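Reviewing the structure listed below.
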Amino acid sequence: MKRAIKFWCRRWIFLSVAMAVVCAGATAQQPAPVPASADKPTSGATEEQKTGTGIVPQGVKLSPQMPAPGAPNPFAFPEPATRTLPNGLRVFVVTDHRDAAIAARLVILGAGATQDPPGMPGVSQMTATLLTQGTEKRSARDIAEAIDFVGGSLSALTGKDALTVTLDVVKKDLNLGFDLMSDVVLHPAFRPEELDRQRQQLLSGLTLQYSDPEYLASAVFGRVAYGSSAYGWPSEGTPETVKKLQPEELEKFRSAHFAPNQSLLAIAGDITPEEAFAVAEKFFGPWPKLDAAAVVPQSASPTTGQHIWLIDKPDAVQTQIRAGKLGIRRGDADYIPVQVANRIFGGGYNSRLNTEVRIKKGLTYGAFSSFTPHRYAGLFTVGTFTRTEATVEATKLVVDLISRMSSGEVTQKEMDFARDYLAGVYPIESETAEEVADRVLTAAAYDLPADYNRTYPNRIRGVSPAQVEAVAKRYFTTKDLDIVLTGNVSAFRDALKKEFPGAEYVEIPFDKVDVLAADLRKPKEPSAAATPESFVQGKEILLAAAKAAGGDAFASVASIGLTESGKLFGAQNEVVVSVKWTISYPNRSRGDVNYGGQNIVQGCDGRVAWIQAPNGIKDVSRVIGEFERGISLFGGGWGIYKQVLDGKIAGHASGEEEIDGKKTLGVAIQTSFGAIRLYFDPATHLLAAARFQSAGPQGASDNEQRWSDYRAVDGRQFAFSSIIYRDGAKFAETTIQDVQINPTVGDALFAKPDAPPTK
């Protein structure tokens with residue numbers, strides 16, 4: 001029932017996002033683990049151990065040192081068989097008969113996030129997401145049920161440099177798996193309803209991410225370090241760009257960037273090369289070659305000097321810290337020595353960085369560093385977080401540690417541990433068919449030597465202290481550095497500037513950050529001021545609309561009653577709703593709602609707004625503006641017209657705009673329930689659409705409501721059809737069954753019910 005109430009409350013007058021239910025949660029702290037007691041020996045313990053004397057037996061010598069590593073085990077990375085199909089698709093096959101699993105990975109080079117249209121990140125990611133959500137002959141459900149039935153998996157995702165489609169099946173289902181895999185790549189449908197579902201899910205996640213200081217700190221750091229390069233754009237897009245995505249744009253991206261001659265296919269597992277090449281030819285051979293070359297992303301410009309970006313969140317009690325600069329490309333000759341150097345500096349729990357910042361100083365629960373390499377660029381990042389009052393100390397310590405690493409001085413113990421770890425974990429992470437396929441494709445995608453995977457452990461073990469010193473001096477200098485701090489800036493700003501007096505500072509309020517803007521700031525809201533001419537034009541448009549809808553006939557309308565039915569669209573489902581509405585102008589309403597079989601009542605008496613459900617009555621007067629807006633817009637703006645004719649609302653013309661493929665005339669008005677833009681059909685003068693924001697627990701939502709199917713009701717034009725889009729996705733679609741003018745209403749109908757007595 002609570003879920004039903006929440007969903008219903010997301011509608012415009014039907015309230016916005018769970019206003020009826022306020023959920024509060026607390027994370028319980030887990031108790032610290034109890035240390036094992038010396039008085040509880042394990043089975044097989046000696047009598048002396050059982051008595052707990054603590055006396056070391058004669059001849060036994062204890063050492064606090066970690067045991068030395070054993071001799072490395074032989075490592076033989078399988079050699080892939082390769083073939084290029086006539087259409088240019090390069091196929092790699094690794095045979096492994098240890099189990100019946102087969103992993104296939106298709107990497108489409110040049111279809112990654114860096115190929116997104118300028119200023120529109122998220123196109124590649126949404127294209128990948130929708131590949132498995134329907135093809136020309138299969139629905140999303142068909143695809144999911146087919147692959148689930150055989151216990152396999154099929155998915156697609158986007159990286160910076162490429163889009164990857166993954167398939168995992170057992171051998172007996174290989175043909176089914178490849179039929180599905182080729183179908184989603186070659187014949188995706190990009191259905192609007194599936195785009196709306198995925199958009200809604202993504203926007204929900206992005207809303208949370210952009211309210212998270214940790215996410216925003218990393219997003220801002222990547223953006224400032226890469227500068228204007230597309231490598232700095234968020235691959236998943238931003239709420240603004242995601243709202244704009246259309247099926248045609250995704251198909252255009254696929255047509256321009258999906259090419260077999262720019263793709264790699266790896267097949268690993270229980271399959272012979274001949275079988276693999278045959279299945280690749282059968283399912284991907286018809287894929288037509290594309291001659292267009294992938295566009296090389298704009299080069300990133302290295303940072304010059306120290307730049308500190310302060311993202312101010314006054315209510316924060318911790319500060320997220322990011323520091324670093326451009327790193328290396330994946331194919332750079334320094335890649336392997338850099339891996340060893342980074343493992344020493346910050347690539348593990350016992351690294352220098354974590355040891356100093358966490359273990360010794362207690363300033364954080366964790367600190368890390370990483371080199372993230374891509375095809376044409378890469379990033380060096382140091383990240384941690386700390387309490388607000390320790391921000392300056394932690395930031396200075398991080399920078400000092402980077403500077404110390406730039407000397408290149410490392411101990412033999414550090415060298416041995418880093419090399420042994422990296423070389424030792426590589427075979428462990430190269431055991432499954434999926435891991436082998438991924439490693440084969442990595443070597444091919446970044447033009448690495450043919451023996452790269454087979455020789456990697458030896459290459460790591462062969463890194464010398466001199467090589468580590470050289471790359472440390474090259475990549476760990478702090479003279480040129482970007483630093484991003486997200487937190488309560490006023491608490492540490494002055495002290496920070498004393499510690500870093502030579503740095504350049506930029507300060508941006510947390511809610512004003514725009515990672516796509518050149519200066520990382522959201523543009524200023526357009527001024528509400530308008531010219532005298534635009535107010536005259538706005539008045540003319542509003543009066544023409546009121547006249548077309550009924551004119552003087554509105555003066556006699558005191559109330560209306562109507563029944564409405566339709567659907568609300570969620571991320572995963574559709575819910576049927578029907579409502580009996582009673583509206584008393586100017587500001588009273590009642591809705592008796594049947595939501596998926598559940599009965600809910602909501603009302604507003606002009607002063608108090610409320611919702612009644614089987615589990616109780618909730619006062620929602622804090623969002624009474626949502627009710628007022630709905631009352632004004634019923635029927636295509638009847639409440640607005642009454643106020644226009646009474647001289648209570650005026651607005652200024654905001655220009656022509658195309659909505660749903662048709663030209664409209666815009667008028668911006670300011671009301672008691674906030675700013676709203678109205679769009680009128682220049683032919684009929686009737687209201688075609690309205691745009692406004694509604695408040696919710698996760699922030700403001702952008703809404704567009706459209707009206708159509710106008711019919712005469714006692715000499716007045718009433719819109720019988722309405723569609724609402726929220727944050728770019730269809731949210732509600734309703735139709736009117738009947739309308740009654742001036743039904744008898746009483747005050748009790750709109751009054752908040754008394755709470756039932758407690759039993």
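Naming scheme: A, B, ... for chains in displayed order of the structure tokens; residues 1 onward per chain; ligands 1 onward as shown.
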
>> I'd like the neighbourhood of Arg343 (chain A) as a ChimeraX atom specification, where a residue qualifies if any of its atoms comes within 12 Å (using only C-alpha atoms), though same-chain residues fewer than 2 positions away should be ignored.
In response: /A:336-341,345-354,368-371,405,410,414-423,460,468,472

Would you mind exporting the chosen residues as a compact mmCIF listing (two decimals), in the first residue's frame, restricted to N, CA and C atoms?
# COMPACT_ATOMS: atom_id res chain seq x y z
N ILE A 336 53.86 -0.46 -17.89
CA ILE A 336 54.20 -1.49 -16.90
C ILE A 336 55.02 -0.91 -15.74
N PRO A 337 56.09 -0.12 -15.97
CA PRO A 337 56.77 0.50 -14.83
C PRO A 337 55.85 1.38 -13.98
N VAL A 338 54.89 2.04 -14.63
CA VAL A 338 53.96 2.89 -13.89
C VAL A 338 53.07 2.05 -12.98
N GLN A 339 52.68 0.84 -13.43
CA GLN A 339 51.88 -0.02 -12.57
C GLN A 339 52.62 -0.39 -11.29
N VAL A 340 53.91 -0.66 -11.42
CA VAL A 340 54.72 -0.99 -10.24
C VAL A 340 54.84 0.24 -9.33
N ALA A 341 55.12 1.39 -9.92
CA ALA A 341 55.26 2.62 -9.14
C ALA A 341 53.97 2.95 -8.40
N PHE A 345 52.96 3.40 -4.44
CA PHE A 345 52.48 4.67 -3.91
C PHE A 345 51.07 4.58 -3.31
N GLY A 346 50.09 4.11 -4.08
CA GLY A 346 48.72 4.15 -3.57
C GLY A 346 47.81 3.09 -4.13
N GLY A 347 48.37 2.04 -4.72
CA GLY A 347 47.56 1.04 -5.37
C GLY A 347 47.16 -0.14 -4.51
N GLY A 348 47.17 -0.01 -3.21
CA GLY A 348 46.79 -1.11 -2.33
C GLY A 348 46.70 -0.66 -0.89
N TYR A 349 46.19 -1.52 -0.05
CA TYR A 349 45.98 -1.17 1.36
C TYR A 349 47.29 -0.80 2.06
N ASN A 350 48.37 -1.56 1.78
CA ASN A 350 49.63 -1.31 2.46
C ASN A 350 50.54 -0.39 1.65
N SER A 351 49.97 0.41 0.77
CA SER A 351 50.74 1.38 0.00
C SER A 351 51.17 2.55 0.89
N ARG A 352 52.07 3.35 0.38
CA ARG A 352 52.53 4.52 1.14
C ARG A 352 51.36 5.45 1.47
N LEU A 353 50.52 5.71 0.49
CA LEU A 353 49.43 6.66 0.67
C LEU A 353 48.48 6.22 1.78
N ASN A 354 47.97 5.01 1.69
CA ASN A 354 47.01 4.53 2.69
C ASN A 354 47.66 4.37 4.06
N PHE A 368 43.50 6.10 -2.01
CA PHE A 368 43.94 5.32 -3.15
C PHE A 368 44.57 6.22 -4.20
N SER A 369 45.29 5.59 -5.11
CA SER A 369 45.75 6.28 -6.31
C SER A 369 45.60 5.31 -7.47
N SER A 370 45.42 5.86 -8.66
CA SER A 370 45.25 5.01 -9.84
C SER A 370 45.70 5.74 -11.09
N PHE A 371 46.19 4.97 -12.04
CA PHE A 371 46.43 5.46 -13.39
C PHE A 371 45.37 4.78 -14.27
N MET A 405 57.03 10.94 -3.60
CA MET A 405 57.13 9.85 -4.57
C MET A 405 57.86 10.30 -5.82
N VAL A 410 62.72 4.40 -3.87
CA VAL A 410 61.92 3.28 -3.36
C VAL A 410 62.85 2.25 -2.75
N GLU A 414 59.77 -2.53 -0.99
CA GLU A 414 58.63 -2.03 -1.74
C GLU A 414 58.63 -2.58 -3.17
N MET A 415 59.80 -2.61 -3.78
CA MET A 415 59.90 -3.14 -5.14
C MET A 415 59.49 -4.61 -5.19
N ASP A 416 60.01 -5.38 -4.27
CA ASP A 416 59.73 -6.82 -4.28
C ASP A 416 58.24 -7.09 -4.08
N PHE A 417 57.64 -6.39 -3.11
CA PHE A 417 56.23 -6.64 -2.82
C PHE A 417 55.36 -6.25 -4.02
N ALA A 418 55.62 -5.08 -4.61
CA ALA A 418 54.80 -4.62 -5.72
C ALA A 418 54.92 -5.56 -6.92
N ARG A 419 56.13 -5.95 -7.25
CA ARG A 419 56.31 -6.83 -8.40
C ARG A 419 55.71 -8.21 -8.15
N ASP A 420 55.94 -8.75 -6.96
CA ASP A 420 55.40 -10.07 -6.65
C ASP A 420 53.88 -10.07 -6.67
N TYR A 421 53.30 -9.01 -6.14
CA TYR A 421 51.84 -8.94 -6.12
C TYR A 421 51.27 -8.86 -7.53
N LEU A 422 51.76 -7.90 -8.32
CA LEU A 422 51.20 -7.70 -9.66
C LEU A 422 51.43 -8.90 -10.56
N ALA A 423 52.61 -9.48 -10.47
CA ALA A 423 52.90 -10.65 -11.30
C ALA A 423 52.13 -11.87 -10.81
N ILE A 460 56.60 -7.53 -15.60
CA ILE A 460 56.46 -6.89 -14.30
C ILE A 460 57.67 -7.20 -13.42
N VAL A 468 61.37 2.59 -12.18
CA VAL A 468 60.39 3.19 -11.27
C VAL A 468 60.78 4.63 -10.95
N ALA A 472 58.44 7.80 -11.83
CA ALA A 472 58.01 8.59 -10.66
C ALA A 472 58.35 10.05 -10.86

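Taking only C-alpha atoms into account, Ile271 (chain A) lies nearest to A:Val94 out of the set A:Val150, A:Leu363, A:Val94, A:Trp233.
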
> So which one's closest to Ala293 (chain A), A:Leu265, A:Ile631, A:Val593, A:Ala259? Using only C-alpha atoms, please.
Replying inline: A:Ala259

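Here the question is which of A:Gly674, A:Pro247, A:Pro286, A:Pro86 gets nearest to Leu131 (chain A) using only C-alpha atoms, and that residue is A:Pro247.
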
> Taking the backbone alone, and naming residues the way the document does, which bits of region 558-650 of chain A are helix (DSSP H, G or I) by DSSP, as a list in words?
Replying inline: Ser621, Arg622, Val623, Ile624, Gly625, Glu626, Phe627, Glu628, Arg629, Gly630, Ile631, Ser632, Leu633, Phe634, Gly635, Gly636, Gly637, Trp638, Gly639, Ile640, Tyr641, Lys642, Gln643, Val644 and Leu645 of chain A

>> as an NGL selection string, please: the residues near Glu504 (chain A) (cut-off 7 Å, only C-alpha atoms, same-chain neighbours under 2 positions excluded).
In response: :A and (306-308 or 502 or 506)

Take the selection from the previous step and output its residues with N, CA, C and O atoms, as a PDB file, in the first residue's frame.
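Output saved as part-v1.pdb:
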ATOM      1  N   GLN A 306      49.315  24.825 -10.094  1.00  0.00           N
ATOM      2  CA  GLN A 306      48.367  24.170  -9.191  1.00  0.00           C
ATOM      3  C   GLN A 306      47.019  24.890  -9.234  1.00  0.00           C
ATOM      4  O   GLN A 306      46.948  26.101  -9.078  1.00  0.00           O
ATOM      5  N   HIS A 307      45.976  24.108  -9.473  1.00  0.00           N
ATOM      6  CA  HIS A 307      44.622  24.644  -9.531  1.00  0.00           C
ATOM      7  C   HIS A 307      43.774  23.919  -8.494  1.00  0.00           C
ATOM      8  O   HIS A 307      43.748  22.688  -8.455  1.00  0.00           O
ATOM      9  N   ILE A 308      43.093  24.666  -7.666  1.00  0.00           N
ATOM     10  CA  ILE A 308      42.254  24.085  -6.623  1.00  0.00           C
ATOM     11  C   ILE A 308      40.811  24.498  -6.868  1.00  0.00           C
ATOM     12  O   ILE A 308      40.486  25.687  -6.939  1.00  0.00           O
ATOM     13  N   GLY A 502      50.246  29.722  -3.678  1.00  0.00           N
ATOM     14  CA  GLY A 502      50.507  29.964  -5.092  1.00  0.00           C
ATOM     15  C   GLY A 502      49.492  29.352  -6.031  1.00  0.00           C
ATOM     16  O   GLY A 502      49.606  29.496  -7.256  1.00  0.00           O
ATOM     17  N   VAL A 506      39.155  28.282  -7.702  1.00  0.00           N
ATOM     18  CA  VAL A 506      37.827  28.471  -8.280  1.00  0.00           C
ATOM     19  C   VAL A 506      36.832  27.883  -7.286  1.00  0.00           C
ATOM     20  O   VAL A 506      36.986  26.742  -6.851  1.00  0.00           O
TER      21      VAL A 506
END

> Contacts of Thr135 (chain A) at 7 Å or less, counting only C-alpha atoms, minus same-chain residues fewer than 3 places along, as a count of residues only?
Replying inline: 7

Considering only C-alpha atoms, tabulate each residue of region 633-713 of chain A that lies at most 12 Å from region 730-745 of chain A along with its nearest interatomic pair and the corresponding distance in Å to one decimal; arrange the rows by chain and ascending residue number and present them as a Markdown table.
| residue | atom | partner | partner_atom | distance |
| --- | --- | --- | --- | --- |
| A:Phe634 | CA | A:Ile736 | CA | 10.5 |
| A:Gly635 | CA | A:Ile736 | CA | 9.0 |
| A:Gly636 | CA | A:Ile736 | CA | 11.7 |
| A:Trp638 | CA | A:Ile741 | CA | 11.9 |
| A:Ser701 | CA | A:Phe731 | CA | 11.5 |
| A:Asp702 | CA | A:Phe731 | CA | 11.3 |
| A:Asn703 | CA | A:Phe731 | CA | 9.2 |
| A:Glu704 | CA | A:Lys730 | CA | 9.4 |
| A:Gln705 | CA | A:Ala732 | CA | 9.2 |
| A:Arg706 | CA | A:Glu733 | CA | 9.7 |
| A:Trp707 | CA | A:Thr735 | CA | 10.0 |
| A:Ser708 | CA | A:Thr735 | CA | 9.7 |
| A:Asp709 | CA | A:Thr735 | CA | 9.2 |
| A:Tyr710 | CA | A:Ile736 | CA | 10.6 |
| A:Arg711 | CA | A:Val739 | CA | 10.5 |
| A:Ala712 | CA | A:Val739 | CA | 10.4 |
| A:Val713 | CA | A:Val739 | CA | 7.5 |

Pull N, CA, C and O atoms from the residues just selected and write them as a tab-separated table (two decimals), in the first residue's frame.
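Saved the output as part37.tsv:
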chain	number	residue	atom	x	y	z
A	634	PHE	N	-6.72	22.15	-15.18
A	634	PHE	CA	-7.73	21.17	-15.60
A	634	PHE	C	-8.45	21.63	-16.88
A	634	PHE	O	-8.79	22.81	-17.03
A	635	GLY	N	-8.64	20.66	-17.78
A	635	GLY	CA	-9.39	20.93	-19.00
A	635	GLY	C	-8.64	21.73	-20.03
A	635	GLY	O	-9.23	22.13	-21.05
A	636	GLY	N	-7.36	21.97	-19.80
A	636	GLY	CA	-6.59	22.80	-20.72
A	636	GLY	C	-6.56	24.25	-20.29
A	636	GLY	O	-6.58	25.16	-21.13
A	638	TRP	N	-8.63	25.91	-17.67
A	638	TRP	CA	-9.83	26.65	-17.31
A	638	TRP	C	-9.58	27.60	-16.13
A	638	TRP	O	-10.06	28.73	-16.12
A	701	SER	N	11.77	18.27	-10.49
A	701	SER	CA	11.57	17.54	-11.73
A	701	SER	C	11.02	18.49	-12.78
A	701	SER	O	10.20	19.36	-12.48
A	702	ASP	N	11.47	18.33	-14.02
A	702	ASP	CA	10.96	19.12	-15.13
A	702	ASP	C	9.76	18.41	-15.74
A	702	ASP	O	9.82	17.22	-16.07
A	703	ASN	N	8.66	19.14	-15.91
A	703	ASN	CA	7.43	18.55	-16.41
A	703	ASN	C	6.96	19.27	-17.67
A	703	ASN	O	7.11	20.49	-17.79
A	704	GLU	N	6.40	18.50	-18.57
A	704	GLU	CA	5.71	19.06	-19.73
A	704	GLU	C	4.38	18.35	-19.86
A	704	GLU	O	4.33	17.13	-19.98
A	705	GLN	N	3.30	19.12	-19.82
A	705	GLN	CA	1.97	18.56	-19.97
A	705	GLN	C	1.38	19.03	-21.29
A	705	GLN	O	1.46	20.21	-21.64
A	706	ARG	N	0.80	18.09	-22.04
A	706	ARG	CA	0.22	18.41	-23.34
A	706	ARG	C	-1.27	18.06	-23.34
A	706	ARG	O	-1.68	17.05	-22.77
A	707	TRP	N	-2.07	18.92	-24.02
A	707	TRP	CA	-3.52	18.71	-24.09
A	707	TRP	C	-3.95	18.57	-25.55
A	707	TRP	O	-3.38	19.20	-26.45
A	708	SER	N	-4.99	17.75	-25.75
A	708	SER	CA	-5.55	17.58	-27.09
A	708	SER	C	-6.99	17.10	-26.96
A	708	SER	O	-7.52	16.98	-25.85
A	709	ASP	N	-7.61	16.82	-28.09
A	709	ASP	CA	-9.00	16.33	-28.14
A	709	ASP	C	-9.94	17.30	-27.42
A	709	ASP	O	-10.67	16.93	-26.49
A	710	TYR	N	-9.93	18.56	-27.89
A	710	TYR	CA	-10.84	19.56	-27.31
A	710	TYR	C	-12.27	19.30	-27.80
A	710	TYR	O	-12.51	19.05	-28.99
A	711	ARG	N	-13.22	19.37	-26.84
A	711	ARG	CA	-14.64	19.19	-27.16
A	711	ARG	C	-15.45	20.28	-26.47
A	711	ARG	O	-15.07	20.78	-25.41
A	712	ALA	N	-16.58	20.60	-27.09
A	712	ALA	CA	-17.45	21.63	-26.52
A	712	ALA	C	-18.22	21.07	-25.32
A	712	ALA	O	-18.81	19.99	-25.39
A	713	VAL	N	-18.18	21.80	-24.20
A	713	VAL	CA	-18.93	21.46	-23.00
A	713	VAL	C	-19.71	22.71	-22.59
A	713	VAL	O	-19.13	23.67	-22.05

>> So that I can see what lies close to Val91 (chain A), please list as a PyMOL selection string the residues with an atom at most 6 Å from it, counting only C-alpha atoms and leaving out residues fewer than 2 positions away in the same chain.
In response: chain A and resi 82-84+265-266

Would you save the residues from that selection as a PDB file, in the first residue's frame, using N, CA and C atoms?
ATOM      1  N   THR A  82      43.513 -16.639 -34.744  1.00  0.00           N
ATOM      2  CA  THR A  82      42.916 -15.413 -35.266  1.00  0.00           C
ATOM      3  C   THR A  82      42.527 -15.571 -36.727  1.00  0.00           C
ATOM      4  N   ARG A  83      41.504 -14.806 -37.099  1.00  0.00           N
ATOM      5  CA  ARG A  83      41.085 -14.760 -38.499  1.00  0.00           C
ATOM      6  C   ARG A  83      40.308 -13.472 -38.706  1.00  0.00           C
ATOM      7  N   THR A  84      40.420 -12.883 -39.875  1.00  0.00           N
ATOM      8  CA  THR A  84      39.666 -11.690 -40.239  1.00  0.00           C
ATOM      9  C   THR A  84      38.617 -12.073 -41.271  1.00  0.00           C
ATOM     10  N   LEU A 265      36.126  -9.478 -32.151  1.00  0.00           N
ATOM     11  CA  LEU A 265      35.292 -10.502 -31.522  1.00  0.00           C
ATOM     12  C   LEU A 265      36.194 -11.570 -30.926  1.00  0.00           C
ATOM     13  N   ALA A 266      36.071 -11.795 -29.630  1.00  0.00           N
ATOM     14  CA  ALA A 266      36.821 -12.861 -28.966  1.00  0.00           C
ATOM     15  C   ALA A 266      35.841 -13.926 -28.501  1.00  0.00           C
TER      16      ALA A 266
END

What are the closest atom pairs, with distances in Å to one decimal, for each residue of region 320-340 of chain A lying within 9 Å of region 485-495 of chain A, using only C-alpha atoms, rows by chain and rising residue number, as CSV?
residue,atom,partner,partner_atom,distance
A:Gln320,CA,A:Thr486,CA,5.1
A:Ile321,CA,A:Leu485,CA,4.9
A:Arg322,CA,A:Leu485,CA,6.6
A:Ala323,CA,A:Leu485,CA,8.8

> Using only C-alpha atoms, which of the listed residues (A:Ala76, A:Ile676, A:Val392, A:Val185) sits closest to Trp287 (chain A)?
Replying inline: A:Val185

> Leaving out Pro121 (chain A) and any residue of its chain fewer than 3 positions from it, which residues lie within 9 Å of it when counting only C-alpha atoms, given as a PyMOL selection string?
Replying inline: chain A and resi 113-118+124-125+230+233-238+241-242+516

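Of the residues in region 229-305 of chain A, those given strand (DSSP E or B) by DSSP on the backbone are Ser263, Leu264, Leu265, Ala266, Ile267, Ala268 and Gly269 of chain A.
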
> Quick one: of A:Thr303, A:Thr582, A:Gln612, A:Ser722, who's nearest to Leu481 (chain A), counting only C-alpha atoms?
Replying inline: A:Thr303

> How many Å lie between CA of Lys479 (chain A) and CA of Asp519 (chain A), rounded to one decimal?
Replying inline: 22.5 Å

> What lies within 9 Å of region 128-130 of chain A using only C-alpha atoms, ignoring chain neighbours under 3 positions off, as a list of chain:residue names?
Replying inline: A:Val123, A:Ser124, A:Gln125, A:Gln133, A:Gly134, A:Ala140, A:Ser155, A:Ala156, A:Leu157, A:Thr158, A:Leu163, A:Thr164, A:Val165, A:Val184, A:Pro188, A:Ala189, A:Phe190, A:Arg191, A:Glu194, A:Leu195, A:Gln198, A:Leu250
